[in-house]
Amino acid sequence: MACAAVLVPGFVGCAVGASCTRAAVSRLTPGTWRHLTLASTMTSQRKTDHLERTASVVRREVVAVAKVCGTASESPSVKSLRLLVADKDFSFKAGQWIDFFIPGVSVVGGFSVCSSPRLLEQERMIELAVKYTSHPPALWVHNECTLNSEVAVRVGGEFFFDPQPTDAPRNLVLIAGGVGINPLLSILRYSADLHREWANKRSGYEIGTIKLFYSAKNTSELLFKKNILNLVSEFPEKIACSLHVTKQTTQISAELRPYITEGRITEEEIKDHISKETLFYICGPPPMTDFFSKQLENNHVPKEHIFFEKWW
């Protein structure tokens, strides 16, 4: 994972060194932390490891215990988790990821939160969606994780949407590829929460329009499609989506057909949404994020209006 965006005010710029971690970990009970093999992960030299790739990225100090309280299959290859995080000092911004510490696993995972910050504030819950791979944290999620499993989590990342009530309304264009939908779904859900609050109270942040472009191999790999379409139906004047499939071999359902385009997301589609009030958030495989970031810059979108995160 790699990121490019604004720095987070109030975050400590600690790399994942032992001294920073010890201070943060002191919040956990000895019994819980005894089973989390953080010490061995700090010395990992594998270049593909999450900690290695994100060593210079800002993180929160808080390391919190999280308990698995729900699981579901989101696709043939993706499992979702719902985690209870009781620590009131644990918080995140829409779009950020977590370090995921697993008892007995000597590699730290890195997973984007796909739920809205409002779910954490109201119910102390966060949601993750993890793709099956041979990476030990992903294997644990798919093969060993059960209800009431305990892990530890810490927030990091510089890719987020966190408008303040006094900020000017902004339109959002969200461009997702595959499991890259996760942080963008968090942003989409949070934007919907902000709009509900504005509509009900006429206070808080007034969101502009939101357009989601989301590409996957086929409709079974389009994660959270029902959640996305429910938001489109709830706020047709605010939220729209264009779902793309690149290798569809079966018939597309009547429910999905109005939203589906067969083929990749194109530069022309994105270009139609360029304006000075629009922010662009991109998350997916590196070639995809590189392509759309470059095309937006070529079309004179200011760099400070382009945010991207790469998953590989």
# chains A, B, ... in the order shown; residues from 1 in each chain; ligands from 1
>>> residues_around(residues="Ala168 of chain A", least_positions_apart="2", cutoff="9 Å", atoms="only C-alpha atoms", output="PyMOL selection string")
chain A and resi 163-166+170+205-207+277
>>> write_last_selection(atoms="all heavy atoms", output="mmCIF file, in the first residue's frame")
data_model
loop_
_atom_site.group_PDB
_atom_site.id
_atom_site.type_symbol
_atom_site.label_atom_id
_atom_site.label_comp_id
_atom_site.auth_asym_id
_atom_site.auth_seq_id
_atom_site.Cartn_x
_atom_site.Cartn_y
_atom_site.Cartn_z
ATOM 1 N N PRO A 163 -13.997 16.545 6.073
ATOM 2 C CA PRO A 163 -14.360 17.957 5.966
ATOM 3 C C PRO A 163 -14.820 18.525 7.301
ATOM 4 O O PRO A 163 -15.386 17.812 8.140
ATOM 5 C CB PRO A 163 -15.512 17.935 4.959
ATOM 6 C CG PRO A 163 -16.153 16.602 5.180
ATOM 7 C CD PRO A 163 -15.009 15.661 5.478
ATOM 8 N N GLN A 164 -14.578 19.803 7.484
ATOM 9 C CA GLN A 164 -15.042 20.506 8.677
ATOM 10 C C GLN A 164 -16.341 21.256 8.361
ATOM 11 O O GLN A 164 -16.597 21.602 7.200
ATOM 12 C CB GLN A 164 -13.961 21.471 9.160
ATOM 13 C CG GLN A 164 -12.638 20.790 9.488
ATOM 14 C CD GLN A 164 -12.796 19.639 10.459
ATOM 15 O OE1 GLN A 164 -13.270 19.827 11.580
ATOM 16 N NE2 GLN A 164 -12.411 18.430 10.043
ATOM 17 N N PRO A 165 -17.176 21.517 9.369
ATOM 18 C CA PRO A 165 -18.484 22.146 9.110
ATOM 19 C C PRO A 165 -18.395 23.455 8.334
ATOM 20 O O PRO A 165 -19.322 23.787 7.575
ATOM 21 C CB PRO A 165 -19.051 22.368 10.515
ATOM 22 C CG PRO A 165 -18.417 21.300 11.338
ATOM 23 C CD PRO A 165 -17.029 21.139 10.787
ATOM 24 N N THR A 166 -17.307 24.202 8.504
ATOM 25 C CA THR A 166 -17.191 25.499 7.843
ATOM 26 C C THR A 166 -16.589 25.407 6.443
ATOM 27 O O THR A 166 -16.500 26.418 5.743
ATOM 28 C CB THR A 166 -16.332 26.442 8.700
ATOM 29 O OG1 THR A 166 -15.058 25.827 8.959
ATOM 30 C CG2 THR A 166 -17.022 26.743 10.023
ATOM 31 N N ARG A 170 -18.031 20.350 -1.433
ATOM 32 C CA ARG A 170 -17.207 19.759 -2.476
ATOM 33 C C ARG A 170 -17.943 18.586 -3.107
ATOM 34 O O ARG A 170 -18.630 17.822 -2.431
ATOM 35 C CB ARG A 170 -15.892 19.223 -1.887
ATOM 36 C CG ARG A 170 -14.956 20.305 -1.393
ATOM 37 C CD ARG A 170 -14.308 21.042 -2.542
ATOM 38 N NE ARG A 170 -13.183 21.843 -2.102
ATOM 39 C CZ ARG A 170 -12.420 22.578 -2.901
ATOM 40 N NH1 ARG A 170 -12.680 22.612 -4.195
ATOM 41 N NH2 ARG A 170 -11.427 23.277 -2.426
ATOM 42 N N TYR A 205 -21.569 19.602 7.916
ATOM 43 C CA TYR A 205 -20.968 19.849 6.607
ATOM 44 C C TYR A 205 -21.982 19.559 5.503
ATOM 45 O O TYR A 205 -22.638 18.515 5.507
ATOM 46 C CB TYR A 205 -19.733 18.970 6.419
ATOM 47 C CG TYR A 205 -19.093 19.136 5.059
ATOM 48 C CD1 TYR A 205 -18.370 20.294 4.747
ATOM 49 C CD2 TYR A 205 -19.207 18.147 4.089
ATOM 50 C CE1 TYR A 205 -17.792 20.459 3.501
ATOM 51 C CE2 TYR A 205 -18.621 18.293 2.842
ATOM 52 C CZ TYR A 205 -17.921 19.456 2.555
ATOM 53 O OH TYR A 205 -17.347 19.611 1.319
ATOM 54 N N GLU A 206 -22.079 20.489 4.562
ATOM 55 C CA GLU A 206 -22.965 20.305 3.412
ATOM 56 C C GLU A 206 -22.184 19.665 2.272
ATOM 57 O O GLU A 206 -21.310 20.300 1.669
ATOM 58 C CB GLU A 206 -23.561 21.638 2.966
ATOM 59 C CG GLU A 206 -24.543 21.500 1.821
ATOM 60 C CD GLU A 206 -25.110 22.832 1.361
ATOM 61 O OE1 GLU A 206 -24.671 23.874 1.888
ATOM 62 O OE2 GLU A 206 -25.977 22.822 0.465
ATOM 63 N N ILE A 207 -22.482 18.403 1.988
ATOM 64 C CA ILE A 207 -21.766 17.673 0.946
ATOM 65 C C ILE A 207 -22.296 18.063 -0.432
ATOM 66 O O ILE A 207 -23.465 18.447 -0.580
ATOM 67 C CB ILE A 207 -21.914 16.147 1.166
ATOM 68 C CG1 ILE A 207 -20.931 15.351 0.303
ATOM 69 C CG2 ILE A 207 -23.344 15.678 0.922
ATOM 70 C CD1 ILE A 207 -19.532 15.360 0.822
ATOM 71 N N GLU A 277 -14.755 22.470 -8.072
ATOM 72 C CA GLU A 277 -15.324 22.093 -6.771
ATOM 73 C C GLU A 277 -15.181 20.603 -6.472
ATOM 74 O O GLU A 277 -15.699 20.113 -5.471
ATOM 75 C CB GLU A 277 -16.825 22.446 -6.713
ATOM 76 C CG GLU A 277 -17.145 23.919 -6.764
ATOM 77 C CD GLU A 277 -17.187 24.446 -8.188
ATOM 78 O OE1 GLU A 277 -17.346 23.615 -9.116
ATOM 79 O OE2 GLU A 277 -17.051 25.673 -8.363
#
>>> residues_around(residues="segment 253-265 of chain A", least_positions_apart="5", cutoff="10 Å", atoms="only C-alpha atoms", output="ChimeraX atom specification")
/A:175-177,213-219,225-226,229,240-248,270,288,292
>>> write_last_selection(atoms="N, CA and C atoms", output="PDB file, in the first residue's frame")
ATOM      1  N   ILE A 175     -12.935   6.619  -7.443  1.00  0.00           N
ATOM      2  CA  ILE A 175     -12.558   5.682  -8.500  1.00  0.00           C
ATOM      3  C   ILE A 175     -11.912   4.469  -7.844  1.00  0.00           C
ATOM      4  N   ALA A 176     -12.578   3.309  -7.935  1.00  0.00           N
ATOM      5  CA  ALA A 176     -12.131   2.116  -7.221  1.00  0.00           C
ATOM      6  C   ALA A 176     -11.884   0.968  -8.184  1.00  0.00           C
ATOM      7  N   GLY A 177     -10.861   0.177  -7.877  1.00  0.00           N
ATOM      8  CA  GLY A 177     -10.592  -1.053  -8.605  1.00  0.00           C
ATOM      9  C   GLY A 177     -10.477  -2.207  -7.633  1.00  0.00           C
ATOM     10  N   PHE A 213     -17.137   5.425  -9.402  1.00  0.00           N
ATOM     11  CA  PHE A 213     -16.781   4.531 -10.499  1.00  0.00           C
ATOM     12  C   PHE A 213     -16.065   3.333  -9.877  1.00  0.00           C
ATOM     13  N   TYR A 214     -16.577   2.147 -10.144  1.00  0.00           N
ATOM     14  CA  TYR A 214     -16.042   0.958  -9.471  1.00  0.00           C
ATOM     15  C   TYR A 214     -15.928  -0.178 -10.480  1.00  0.00           C
ATOM     16  N   SER A 215     -14.718  -0.715 -10.602  1.00  0.00           N
ATOM     17  CA  SER A 215     -14.443  -1.768 -11.573  1.00  0.00           C
ATOM     18  C   SER A 215     -13.978  -3.038 -10.871  1.00  0.00           C
ATOM     19  N   ALA A 216     -14.505  -4.178 -11.312  1.00  0.00           N
ATOM     20  CA  ALA A 216     -14.063  -5.489 -10.824  1.00  0.00           C
ATOM     21  C   ALA A 216     -14.131  -6.472 -11.985  1.00  0.00           C
ATOM     22  N   LYS A 217     -13.632  -7.679 -11.723  1.00  0.00           N
ATOM     23  CA  LYS A 217     -13.589  -8.694 -12.779  1.00  0.00           C
ATOM     24  C   LYS A 217     -14.993  -9.071 -13.245  1.00  0.00           C
ATOM     25  N   ASN A 218     -15.898  -9.282 -12.301  1.00  0.00           N
ATOM     26  CA  ASN A 218     -17.275  -9.642 -12.642  1.00  0.00           C
ATOM     27  C   ASN A 218     -18.190  -9.188 -11.510  1.00  0.00           C
ATOM     28  N   THR A 219     -19.476  -9.371 -11.689  1.00  0.00           N
ATOM     29  CA  THR A 219     -20.430  -8.840 -10.713  1.00  0.00           C
ATOM     30  C   THR A 219     -20.306  -9.519  -9.353  1.00  0.00           C
ATOM     31  N   LYS A 225     -22.160  -4.267  -3.336  1.00  0.00           N
ATOM     32  CA  LYS A 225     -22.989  -3.638  -4.372  1.00  0.00           C
ATOM     33  C   LYS A 225     -24.384  -3.291  -3.868  1.00  0.00           C
ATOM     34  N   LYS A 226     -24.953  -4.138  -3.000  1.00  0.00           N
ATOM     35  CA  LYS A 226     -26.282  -3.821  -2.462  1.00  0.00           C
ATOM     36  C   LYS A 226     -26.231  -2.582  -1.580  1.00  0.00           C
ATOM     37  N   LEU A 229     -25.951   0.436  -3.952  1.00  0.00           N
ATOM     38  CA  LEU A 229     -27.200   0.756  -4.648  1.00  0.00           C
ATOM     39  C   LEU A 229     -28.262   1.270  -3.691  1.00  0.00           C
ATOM     40  N   ALA A 240     -24.454   8.851  -7.175  1.00  0.00           N
ATOM     41  CA  ALA A 240     -24.619   8.059  -8.392  1.00  0.00           C
ATOM     42  C   ALA A 240     -23.444   7.098  -8.502  1.00  0.00           C
ATOM     43  N   CYS A 241     -23.656   6.006  -9.233  1.00  0.00           N
ATOM     44  CA  CYS A 241     -22.552   5.054  -9.396  1.00  0.00           C
ATOM     45  C   CYS A 241     -22.527   4.501 -10.807  1.00  0.00           C
ATOM     46  N   SER A 242     -21.340   4.118 -11.234  1.00  0.00           N
ATOM     47  CA  SER A 242     -21.127   3.429 -12.503  1.00  0.00           C
ATOM     48  C   SER A 242     -20.262   2.214 -12.196  1.00  0.00           C
ATOM     49  N   LEU A 243     -20.858   1.029 -12.301  1.00  0.00           N
ATOM     50  CA  LEU A 243     -20.169  -0.209 -11.962  1.00  0.00           C
ATOM     51  C   LEU A 243     -19.657  -0.872 -13.240  1.00  0.00           C
ATOM     52  N   HIS A 244     -18.390  -1.213 -13.265  1.00  0.00           N
ATOM     53  CA  HIS A 244     -17.756  -1.776 -14.456  1.00  0.00           C
ATOM     54  C   HIS A 244     -17.309  -3.207 -14.199  1.00  0.00           C
ATOM     55  N   VAL A 245     -17.490  -4.078 -15.182  1.00  0.00           N
ATOM     56  CA  VAL A 245     -16.979  -5.449 -15.108  1.00  0.00           C
ATOM     57  C   VAL A 245     -16.115  -5.707 -16.348  1.00  0.00           C
ATOM     58  N   THR A 246     -14.975  -6.348 -16.133  1.00  0.00           N
ATOM     59  CA  THR A 246     -14.001  -6.513 -17.223  1.00  0.00           C
ATOM     60  C   THR A 246     -13.957  -7.929 -17.786  1.00  0.00           C
ATOM     61  N   LYS A 247     -14.453  -8.923 -17.018  1.00  0.00           N
ATOM     62  CA  LYS A 247     -14.393 -10.320 -17.489  1.00  0.00           C
ATOM     63  C   LYS A 247     -15.675 -11.060 -17.120  1.00  0.00           C
ATOM     64  N   GLN A 248     -16.794 -10.442 -17.406  1.00  0.00           N
ATOM     65  CA  GLN A 248     -18.083 -11.047 -17.067  1.00  0.00           C
ATOM     66  C   GLN A 248     -18.391 -12.194 -18.031  1.00  0.00           C
ATOM     67  N   ILE A 270     -14.421   9.996 -16.665  1.00  0.00           N
ATOM     68  CA  ILE A 270     -13.923  10.787 -15.540  1.00  0.00           C
ATOM     69  C   ILE A 270     -13.866  12.260 -15.917  1.00  0.00           C
ATOM     70  N   MET A 288      -3.672   1.340 -12.301  1.00  0.00           N
ATOM     71  CA  MET A 288      -4.925   2.094 -12.368  1.00  0.00           C
ATOM     72  C   MET A 288      -4.792   3.450 -11.693  1.00  0.00           C
ATOM     73  N   PHE A 292      -5.048   7.162 -13.758  1.00  0.00           N
ATOM     74  CA  PHE A 292      -6.055   8.209 -13.528  1.00  0.00           C
ATOM     75  C   PHE A 292      -5.450   9.444 -12.866  1.00  0.00           C
TER      76      PHE A 292
END
>>> closest_residue(among="A:Lys79, A:Thr209, A:Thr266, A:Glu197", to="Asn143 of chain A", atoms="only C-alpha atoms")
A:Lys79
>>> closest_residue(among="A:Thr250, A:Ser191, A:Ser134, A:Ser203", to="Phe235 of chain A", atoms="only C-alpha atoms")
A:Ser191
>>> residues_around(residues="Tyr281 of chain A", least_positions_apart="5", cutoff="7 Å", atoms="only C-alpha atoms", output="ChimeraX atom specification")
/A:173-175,306-308
>>> select_by_dssp(residues="segment 10-218 of chain A", states="alpha helix (DSSP H)", output="JSON, numbers by chain")
{"A": [18, 19, 20, 21, 22, 23, 24, 25, 30, 31, 32, 33, 38, 39, 40, 41, 50, 51, 52, 53, 117, 118, 119, 120, 121, 122, 123, 136, 137, 138, 139, 140, 141, 142, 143, 181, 182, 183, 184, 185, 186, 187, 188, 189, 190, 191, 192, 193, 194, 195, 196, 197, 198, 199, 200, 201]}
>>> closest_residue(among="A:Thr278, A:Ser233, A:Ser186, A:Ser75", to="Leu119 of chain A", atoms="only C-alpha atoms")
A:Ser186
>>> closest_residue(among="A:Ile98, A:Leu83, A:Leu279, A:Ile210", to="Val58 of chain A", atoms="only C-alpha atoms")
A:Ile98
>>> closest_residue(among="A:Ser115, A:Thr54, A:Asn200, A:Asn171", to="Lys310 of chain A", atoms="only C-alpha atoms")
A:Thr54
>>> atom_distance(atom1="atom CA of Ser112 of chain A", atom2="atom CA of His300 of chain A")
29.2 Å
>>> closest_residue(among="A:Val62, A:Leu222, A:Ala94, A:Leu194", to="Val113 of chain A", atoms="only C-alpha atoms")
A:Ala94
>>> residues_around(residues="segment 124-127 of chain A", least_positions_apart="6", cutoff="9 Å", atoms="only C-alpha atoms", output="PyMOL selection string")
chain A and resi 80-88+112-118
>>> write_last_selection(atoms="all heavy atoms", output="short mmCIF file (atom, residue, chain, number, x, y, z; two decimals), in the first residue's frame")
data_model
loop_
_atom_site.label_atom_id
_atom_site.label_comp_id
_atom_site.auth_asym_id
_atom_site.auth_seq_id
_atom_site.Cartn_x
_atom_site.Cartn_y
_atom_site.Cartn_z
N SER A 80 -15.70 -10.31 5.06
CA SER A 80 -15.80 -9.09 5.84
C SER A 80 -15.84 -9.42 7.33
O SER A 80 -16.32 -10.48 7.73
CB SER A 80 -17.04 -8.28 5.45
OG SER A 80 -18.22 -8.99 5.72
N LEU A 81 -15.32 -8.50 8.13
CA LEU A 81 -15.30 -8.62 9.58
C LEU A 81 -15.95 -7.40 10.19
O LEU A 81 -15.76 -6.28 9.69
CB LEU A 81 -13.87 -8.72 10.13
CG LEU A 81 -12.96 -9.85 9.68
CD1 LEU A 81 -11.62 -9.73 10.38
CD2 LEU A 81 -13.59 -11.20 9.94
N ARG A 82 -16.69 -7.60 11.26
CA ARG A 82 -17.17 -6.49 12.08
C ARG A 82 -16.48 -6.61 13.43
O ARG A 82 -16.53 -7.67 14.07
CB ARG A 82 -18.68 -6.53 12.23
CG ARG A 82 -19.23 -5.43 13.11
CD ARG A 82 -20.74 -5.33 13.05
NE ARG A 82 -21.16 -4.45 11.96
CZ ARG A 82 -22.16 -3.57 12.06
NH1 ARG A 82 -22.85 -3.45 13.18
NH2 ARG A 82 -22.47 -2.80 11.05
N LEU A 83 -15.81 -5.54 13.85
CA LEU A 83 -15.00 -5.55 15.06
C LEU A 83 -15.54 -4.56 16.07
O LEU A 83 -15.86 -3.41 15.72
CB LEU A 83 -13.55 -5.19 14.75
CG LEU A 83 -12.81 -6.05 13.71
CD1 LEU A 83 -11.44 -5.45 13.42
CD2 LEU A 83 -12.66 -7.47 14.20
N LEU A 84 -15.62 -4.98 17.32
CA LEU A 84 -15.97 -4.10 18.42
C LEU A 84 -14.69 -3.53 19.02
O LEU A 84 -13.80 -4.28 19.43
CB LEU A 84 -16.74 -4.87 19.50
CG LEU A 84 -17.05 -4.11 20.79
CD1 LEU A 84 -18.02 -2.98 20.52
CD2 LEU A 84 -17.61 -5.07 21.85
N VAL A 85 -14.57 -2.19 19.04
CA VAL A 85 -13.41 -1.51 19.61
C VAL A 85 -13.92 -0.63 20.73
O VAL A 85 -14.43 0.47 20.50
CB VAL A 85 -12.66 -0.68 18.56
CG1 VAL A 85 -11.35 -0.14 19.14
CG2 VAL A 85 -12.37 -1.50 17.31
N ALA A 86 -13.79 -1.10 21.97
CA ALA A 86 -14.40 -0.40 23.11
C ALA A 86 -13.63 0.85 23.52
O ALA A 86 -14.22 1.78 24.09
CB ALA A 86 -14.51 -1.36 24.29
N ASP A 87 -12.34 0.92 23.24
CA ASP A 87 -11.51 2.04 23.66
C ASP A 87 -12.00 3.34 23.04
O ASP A 87 -11.95 3.53 21.81
CB ASP A 87 -10.05 1.78 23.25
CG ASP A 87 -9.07 2.77 23.85
OD1 ASP A 87 -9.48 3.89 24.20
OD2 ASP A 87 -7.88 2.43 23.96
N LYS A 88 -12.48 4.27 23.86
CA LYS A 88 -13.05 5.53 23.36
C LYS A 88 -11.99 6.45 22.75
O LYS A 88 -12.33 7.41 22.07
CB LYS A 88 -13.78 6.26 24.50
CG LYS A 88 -14.99 5.50 25.03
CD LYS A 88 -16.08 5.41 23.98
CE LYS A 88 -17.31 4.65 24.51
NZ LYS A 88 -18.00 5.34 25.60
N SER A 112 -7.79 -1.52 4.99
CA SER A 112 -8.59 -0.30 5.04
C SER A 112 -9.90 -0.56 5.74
O SER A 112 -10.53 -1.60 5.56
CB SER A 112 -8.87 0.22 3.63
OG SER A 112 -7.71 0.77 3.05
N VAL A 113 -10.34 0.41 6.53
CA VAL A 113 -11.67 0.35 7.15
C VAL A 113 -12.69 0.70 6.07
O VAL A 113 -12.51 1.66 5.32
CB VAL A 113 -11.77 1.33 8.33
CG1 VAL A 113 -13.15 1.24 8.97
CG2 VAL A 113 -10.67 1.05 9.35
N CYS A 114 -13.77 -0.09 5.98
CA CYS A 114 -14.76 0.20 4.94
C CYS A 114 -16.06 0.77 5.51
O CYS A 114 -16.99 1.06 4.77
CB CYS A 114 -15.05 -1.03 4.08
SG CYS A 114 -15.62 -2.47 4.99
N SER A 115 -16.12 0.95 6.82
CA SER A 115 -17.30 1.53 7.45
C SER A 115 -17.11 3.03 7.67
O SER A 115 -16.00 3.56 7.55
CB SER A 115 -17.59 0.84 8.79
OG SER A 115 -16.44 0.79 9.60
N SER A 116 -18.20 3.70 8.00
CA SER A 116 -18.16 5.13 8.29
C SER A 116 -17.65 5.37 9.71
O SER A 116 -17.95 4.58 10.62
CB SER A 116 -19.56 5.72 8.14
OG SER A 116 -19.63 7.03 8.68
N PRO A 117 -16.93 6.45 9.94
CA PRO A 117 -16.58 6.81 11.32
C PRO A 117 -17.79 6.94 12.23
O PRO A 117 -17.68 6.74 13.44
CB PRO A 117 -15.87 8.16 11.16
CG PRO A 117 -15.29 8.11 9.78
CD PRO A 117 -16.30 7.36 8.97
N ARG A 118 -18.96 7.24 11.68
CA ARG A 118 -20.16 7.37 12.51
C ARG A 118 -20.54 6.03 13.15
O ARG A 118 -21.07 6.01 14.27
CB ARG A 118 -21.33 7.90 11.68
CG ARG A 118 -21.21 9.36 11.30
CD ARG A 118 -21.39 10.26 12.52
NE ARG A 118 -21.44 11.65 12.13
CZ ARG A 118 -20.38 12.48 12.13
NH1 ARG A 118 -19.20 12.03 12.52
NH2 ARG A 118 -20.51 13.74 11.75
#
>>> residues_around(residues="Glu150 of chain A", least_positions_apart="5", cutoff="8 Å", atoms="only C-alpha atoms", output="JSON, numbers by chain")
{"A": [65, 66, 67, 68, 102, 103]}
>>> write_last_selection(atoms="N, CA and C atoms", output="PDB file, in the first residue's frame")
ATOM      1  N   VAL A  65      -7.518  -2.974  21.659  1.00  0.00           N
ATOM      2  CA  VAL A  65      -8.042  -4.323  21.506  1.00  0.00           C
ATOM      3  C   VAL A  65      -9.327  -4.267  20.688  1.00  0.00           C
ATOM      4  N   ALA A  66      -9.487  -5.221  19.780  1.00  0.00           N
ATOM      5  CA  ALA A  66     -10.708  -5.328  18.987  1.00  0.00           C
ATOM      6  C   ALA A  66     -11.196  -6.769  19.028  1.00  0.00           C
ATOM      7  N   LYS A  67     -12.509  -6.931  19.164  1.00  0.00           N
ATOM      8  CA  LYS A  67     -13.096  -8.274  19.236  1.00  0.00           C
ATOM      9  C   LYS A  67     -13.978  -8.502  18.020  1.00  0.00           C
ATOM     10  N   VAL A  68     -13.791  -9.643  17.367  1.00  0.00           N
ATOM     11  CA  VAL A  68     -14.601  -9.987  16.199  1.00  0.00           C
ATOM     12  C   VAL A  68     -16.018 -10.324  16.662  1.00  0.00           C
ATOM     13  N   ILE A 102      -2.299  -9.763  15.062  1.00  0.00           N
ATOM     14  CA  ILE A 102      -3.001 -11.027  15.292  1.00  0.00           C
ATOM     15  C   ILE A 102      -2.200 -11.896  16.258  1.00  0.00           C
ATOM     16  N   PRO A 103      -2.831 -12.448  17.294  1.00  0.00           N
ATOM     17  CA  PRO A 103      -2.120 -13.348  18.202  1.00  0.00           C
ATOM     18  C   PRO A 103      -1.510 -14.532  17.451  1.00  0.00           C
TER      19      PRO A 103
END
>>> atom_distance(atom1="atom CA of Tyr190 of chain A", atom2="atom CA of Val153 of chain A")
20.5 Å
>>> select_by_dssp(residues="segment 94-290 of chain A", states="strand (DSSP E or B)", output="VMD selection string")
chain A and resid 94 97 to 101 103 109 to 113 125 to 131 150 to 156 161 171 to 177 210 to 216 239 to 245 260 to 262 278 to 284
